[in-house]
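A short worksheet on the structure shown next.
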Amino acid sequence: MPSPYRAIFEAPGAKQFSAAGLLGRMPLSMLSIGIVTMMSLITGRYGLAGALSATCALSAAAIGPQISRLVDRYGQRRVLRPATLVTVAAVLGLLLCAQQRFPDWTLFVFAAATGCVPSMGSMVRARWADIHRESPRDLHTAYAWESIVDEVCFIFGPILSIGLCTVWFPEAGPLFAAGFLVVGVLWLTSQHATEPAPHPRGHDAGGTALRSRGLQVLVAAFVMVGTIFGTIDVVTVAFAKEQGHQGAASVVLAVYALGSCLAGAAFGLLHHKGPASKRWLVGMCAMAVSMIPLQLAGNLPLLAVALFAAGLFIAPTMITTMALVEQHVPRTQLTEGMTWISTGLAVGVALGSSAAGWVVDVRGAQAGYLVSAGAGTLAAAVAFLGYRRLNRPVPQREGRERDGRSEQQHVA
């Protein structure tokens, strides 16, 4: 392991909570695709399967920030375990309704309840931020590591979920996703030494992290980034089917995630100078430009190359985004602020999947990549328009204190 990564894991408990976060994050890439695969195998109704997947995503987008807000106020252990219990009960209810062919409305009720799933990536990043709050370079490396973990989940999660559903039994993928969540949450919340201190009487009472003008820009941009992700997933599957190699879609998408994983690993080794806002703007524009070659790929090998190149800009941009969240959101609301980024992505994925599916049905798979190009253009536009908000110096605010010292003590 390169020395910057070795250095961050010298902190007591770091290996344990990062490993727990890996297990707890597997449902992020397993649950939706597992539900789609399960429903297609049990009912053959792809429209219903997609609608249930979108319901899960939108429910998580709506409930997730509220769960994280409670975590900031009451602590990870007190909130994550009850939230996980509700999520697992909802998943089991969904599987039972699907297996017993209960009315469709029962499926949607349980799918909506899965939105209580905790944002494990935000929980782990909040621990890193608490440990390395005085060392921006180590925190940058830690965020890079967690982006690598994200991509590992997205490389192996869908393959594992689809494989379990098709080889074992249709409900196996979502069932194992729920199991990973339980193990990850119980393991993480058992580690008290690295848990960030809650802020039950913070000055943010009654407010939300989304009041931050900088966070508003980041979330708006990541709705468009999520649209890119949702589009690429749907269109790539359709494109592979048109080429007569539908099974290769998972490999091509894994190459996309691999590009992001490698770029994130390299990005974490660099010591960056200058404002993070400028790196973020460059990253958003690069993501937009990387959508252009997708329109020109005439076969699966060329598409894999184009997606690998596009993936190179994902993890570095995500790493910089989390650094900007840490700058623009009070520490008492950091977990909620990070979860809002995931919310923006989830909303965008739902929008991108729907829009891309409609375009593919009307004009074919190749034309579907026009949706990702349009989303990339809008993301770059949001980045340009919001750059001044992100580049504006952020004054010390309540909630950024350390060891009980107040904002006034910092300023003094």
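Convention: chains lettered A, B, ... in structure tokens order; per-chain residue numbering from 1; ligands numbered from 1 as shown.
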Hey, what's within 8 Å of region 273-289 of chain A if we count only C-alpha atoms and toss same-chain stuff fewer than 3 positions away? As a list in words, please?
->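 After dropping sequence-adjacent residues, the list is Ile292, Ala310, Phe313, Ile314, Pro316, Thr317, Thr320, Thr321, Ala323, Leu324, Ala373, Ala375, Gly376, Thr377, Ala379, Ala380, Ala383, Phe384, Tyr387, Leu390 and Asn391 of chain A.
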If you keep C-alpha atoms, can you produce a file of those selected residues as a PDB file, in the first residue's frame?
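Contents of out-v1.pdb, as written:
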ATOM      1  CA  ILE A 292     -18.961  12.941 -26.192  1.00  0.00           C
ATOM      2  CA  ALA A 310     -15.016   8.633 -18.740  1.00  0.00           C
ATOM      3  CA  PHE A 313     -12.946  11.697 -13.852  1.00  0.00           C
ATOM      4  CA  ILE A 314     -15.546  10.289 -11.444  1.00  0.00           C
ATOM      5  CA  PRO A 316     -11.385  12.580  -8.331  1.00  0.00           C
ATOM      6  CA  THR A 317     -14.475  14.763  -8.674  1.00  0.00           C
ATOM      7  CA  THR A 320     -13.082  16.940  -4.180  1.00  0.00           C
ATOM      8  CA  THR A 321     -16.841  17.206  -3.644  1.00  0.00           C
ATOM      9  CA  ALA A 323     -13.751  18.044   0.671  1.00  0.00           C
ATOM     10  CA  LEU A 324     -15.985  20.966  -0.343  1.00  0.00           C
ATOM     11  CA  ALA A 373     -24.280  14.221 -22.881  1.00  0.00           C
ATOM     12  CA  ALA A 375     -26.825  15.857 -18.355  1.00  0.00           C
ATOM     13  CA  GLY A 376     -23.081  16.457 -18.519  1.00  0.00           C
ATOM     14  CA  THR A 377     -23.634  19.812 -20.183  1.00  0.00           C
ATOM     15  CA  ALA A 379     -23.704  19.675 -14.759  1.00  0.00           C
ATOM     16  CA  ALA A 380     -20.937  21.847 -16.217  1.00  0.00           C
ATOM     17  CA  ALA A 383     -20.630  24.215 -11.872  1.00  0.00           C
ATOM     18  CA  PHE A 384     -19.839  27.447 -13.733  1.00  0.00           C
ATOM     19  CA  TYR A 387     -18.375  28.449  -8.822  1.00  0.00           C
ATOM     20  CA  LEU A 390     -17.896  27.548  -3.750  1.00  0.00           C
ATOM     21  CA  ASN A 391     -14.837  29.755  -4.199  1.00  0.00           C
TER      22      ASN A 391
END
Which polymer residues have any atom within 10 Å of an atom of Ala356 (chain A), counting only C-alpha atoms, with same-chain residues fewer than 2 positions away left out, as a list in words?
->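 With the cut-off at 10 Å, the set is Thr227, Ile228, Gly230, Thr231, Ile232, Asp233, Val234, Val235, Ala238, Leu351, Gly352, Ser353, Ser354, Trp358, Val359, Val360, Asp361, Val362, Gly364, Ala365, Ala367, Gly368, Tyr369, Leu370, Val371 and Ser372 of chain A.
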Store the residues of this selection in a file with N, CA, C and O atoms, as an mmCIF file, in the first residue's frame.
data_model
loop_
_atom_site.group_PDB
_atom_site.id
_atom_site.type_symbol
_atom_site.label_atom_id
_atom_site.label_comp_id
_atom_site.auth_asym_id
_atom_site.auth_seq_id
_atom_site.Cartn_x
_atom_site.Cartn_y
_atom_site.Cartn_z
ATOM 1 N N THR A 227 -27.842 11.647 -13.078
ATOM 2 C CA THR A 227 -28.520 11.415 -14.354
ATOM 3 C C THR A 227 -27.582 10.738 -15.344
ATOM 4 O O THR A 227 -27.984 9.837 -16.101
ATOM 5 N N ILE A 228 -26.320 11.155 -15.339
ATOM 6 C CA ILE A 228 -25.317 10.497 -16.187
ATOM 7 C C ILE A 228 -25.203 9.027 -15.815
ATOM 8 O O ILE A 228 -25.236 8.133 -16.678
ATOM 9 N N GLY A 230 -27.327 7.018 -14.175
ATOM 10 C CA GLY A 230 -28.533 6.270 -14.494
ATOM 11 C C GLY A 230 -28.670 6.005 -15.983
ATOM 12 O O GLY A 230 -29.096 4.920 -16.408
ATOM 13 N N THR A 231 -28.314 6.999 -16.791
ATOM 14 C CA THR A 231 -28.387 6.846 -18.242
ATOM 15 C C THR A 231 -27.426 5.784 -18.738
ATOM 16 O O THR A 231 -27.795 4.909 -19.540
ATOM 17 N N ILE A 232 -26.189 5.849 -18.262
ATOM 18 C CA ILE A 232 -25.167 4.917 -18.742
ATOM 19 C C ILE A 232 -25.538 3.480 -18.388
ATOM 20 O O ILE A 232 -25.349 2.564 -19.201
ATOM 21 N N ASP A 233 -26.070 3.250 -17.199
ATOM 22 C CA ASP A 233 -26.463 1.889 -16.818
ATOM 23 C C ASP A 233 -27.508 1.327 -17.785
ATOM 24 O O ASP A 233 -27.366 0.216 -18.303
ATOM 25 N N VAL A 234 -28.569 2.094 -18.017
ATOM 26 C CA VAL A 234 -29.669 1.620 -18.855
ATOM 27 C C VAL A 234 -29.233 1.473 -20.313
ATOM 28 O O VAL A 234 -29.486 0.444 -20.959
ATOM 29 N N VAL A 235 -28.576 2.487 -20.830
ATOM 30 C CA VAL A 235 -28.230 2.500 -22.252
ATOM 31 C C VAL A 235 -27.180 1.444 -22.574
ATOM 32 O O VAL A 235 -27.220 0.817 -23.640
ATOM 33 N N ALA A 238 -28.873 -1.826 -22.967
ATOM 34 C CA ALA A 238 -29.607 -1.855 -24.235
ATOM 35 C C ALA A 238 -28.653 -1.965 -25.422
ATOM 36 O O ALA A 238 -28.926 -2.692 -26.392
ATOM 37 N N LEU A 351 -34.005 9.890 -12.541
ATOM 38 C CA LEU A 351 -34.335 10.691 -13.724
ATOM 39 C C LEU A 351 -33.639 10.152 -14.968
ATOM 40 O O LEU A 351 -34.254 10.028 -16.037
ATOM 41 N N GLY A 352 -32.361 9.835 -14.826
ATOM 42 C CA GLY A 352 -31.599 9.348 -15.978
ATOM 43 C C GLY A 352 -32.106 8.020 -16.495
ATOM 44 O O GLY A 352 -32.207 7.809 -17.709
ATOM 45 N N SER A 353 -32.442 7.112 -15.583
ATOM 46 C CA SER A 353 -32.956 5.803 -15.996
ATOM 47 C C SER A 353 -34.253 5.956 -16.781
ATOM 48 O O SER A 353 -34.445 5.310 -17.820
ATOM 49 N N SER A 354 -35.151 6.804 -16.283
ATOM 50 C CA SER A 354 -36.443 6.990 -16.954
ATOM 51 C C SER A 354 -36.269 7.648 -18.318
ATOM 52 O O SER A 354 -36.828 7.181 -19.328
ATOM 53 N N TRP A 358 -36.850 5.891 -22.152
ATOM 54 C CA TRP A 358 -37.770 6.421 -23.153
ATOM 55 C C TRP A 358 -37.058 6.687 -24.472
ATOM 56 O O TRP A 358 -37.571 6.337 -25.544
ATOM 57 N N VAL A 359 -35.873 7.251 -24.432
ATOM 58 C CA VAL A 359 -35.126 7.546 -25.657
ATOM 59 C C VAL A 359 -34.737 6.257 -26.368
ATOM 60 O O VAL A 359 -34.827 6.163 -27.601
ATOM 61 N N VAL A 360 -34.306 5.256 -25.603
ATOM 62 C CA VAL A 360 -33.928 3.981 -26.212
ATOM 63 C C VAL A 360 -35.117 3.351 -26.922
ATOM 64 O O VAL A 360 -34.988 2.820 -28.038
ATOM 65 N N ASP A 361 -36.284 3.394 -26.287
ATOM 66 C CA ASP A 361 -37.478 2.819 -26.902
ATOM 67 C C ASP A 361 -37.843 3.536 -28.201
ATOM 68 O O ASP A 361 -38.319 2.902 -29.159
ATOM 69 N N VAL A 362 -37.635 4.848 -28.246
ATOM 70 C CA VAL A 362 -38.058 5.641 -29.402
ATOM 71 C C VAL A 362 -37.010 5.667 -30.506
ATOM 72 O O VAL A 362 -37.337 5.518 -31.690
ATOM 73 N N GLY A 364 -33.551 4.110 -30.212
ATOM 74 C CA GLY A 364 -32.488 3.115 -30.185
ATOM 75 C C GLY A 364 -31.440 3.416 -29.131
ATOM 76 O O GLY A 364 -31.365 4.520 -28.579
ATOM 77 N N ALA A 365 -30.590 2.399 -28.863
ATOM 78 C CA ALA A 365 -29.634 2.482 -27.768
ATOM 79 C C ALA A 365 -28.588 3.578 -27.970
ATOM 80 O O ALA A 365 -28.274 4.318 -27.050
ATOM 81 N N ALA A 367 -28.686 6.379 -29.405
ATOM 82 C CA ALA A 367 -29.217 7.722 -29.141
ATOM 83 C C ALA A 367 -29.386 7.973 -27.650
ATOM 84 O O ALA A 367 -29.431 9.130 -27.212
ATOM 85 N N GLY A 368 -29.458 6.916 -26.858
ATOM 86 C CA GLY A 368 -29.631 7.091 -25.425
ATOM 87 C C GLY A 368 -28.484 7.837 -24.777
ATOM 88 O O GLY A 368 -28.668 8.523 -23.759
ATOM 89 N N TYR A 369 -27.278 7.730 -25.347
ATOM 90 C CA TYR A 369 -26.135 8.435 -24.777
ATOM 91 C C TYR A 369 -26.242 9.952 -24.957
ATOM 92 O O TYR A 369 -25.469 10.691 -24.339
ATOM 93 N N LEU A 370 -27.173 10.394 -25.776
ATOM 94 C CA LEU A 370 -27.419 11.838 -25.867
ATOM 95 C C LEU A 370 -27.947 12.382 -24.539
ATOM 96 O O LEU A 370 -27.712 13.545 -24.198
ATOM 97 N N VAL A 371 -28.668 11.544 -23.799
ATOM 98 C CA VAL A 371 -29.167 11.968 -22.484
ATOM 99 C C VAL A 371 -28.004 12.227 -21.536
ATOM 100 O O VAL A 371 -27.976 13.223 -20.805
ATOM 101 N N SER A 372 -27.012 11.345 -21.552
ATOM 102 C CA SER A 372 -25.848 11.540 -20.683
ATOM 103 C C SER A 372 -25.057 12.773 -21.101
ATOM 104 O O SER A 372 -24.533 13.509 -20.250
#
With only C-alpha atoms as the atoms that count, which of A:Tyr5, A:Phe102, A:Phe169, A:Phe108 lies nearest to Ala265 (chain A)?
->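 Distance minimum relative to Ala265 (chain A) lands on A:Tyr5.
Note that the spacing between CA of Ser161 (chain A) and CA of Leu22 (chain A) amounts to 15.6 Å.
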Which residue of A:Gly184, A:Gly157, A:Gly311, A:Pro196 approaches Met291 (chain A) most closely, using only C-alpha atoms =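 Closest to Met291 (chain A) of all the choices is A:Gly311.
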Measuring atom to atom with only C-alpha atoms, identify which of A:Phe110, A:Phe229, A:Trp128, A:Phe176 is nearest to Pro27 (chain A).
-> A:Phe176
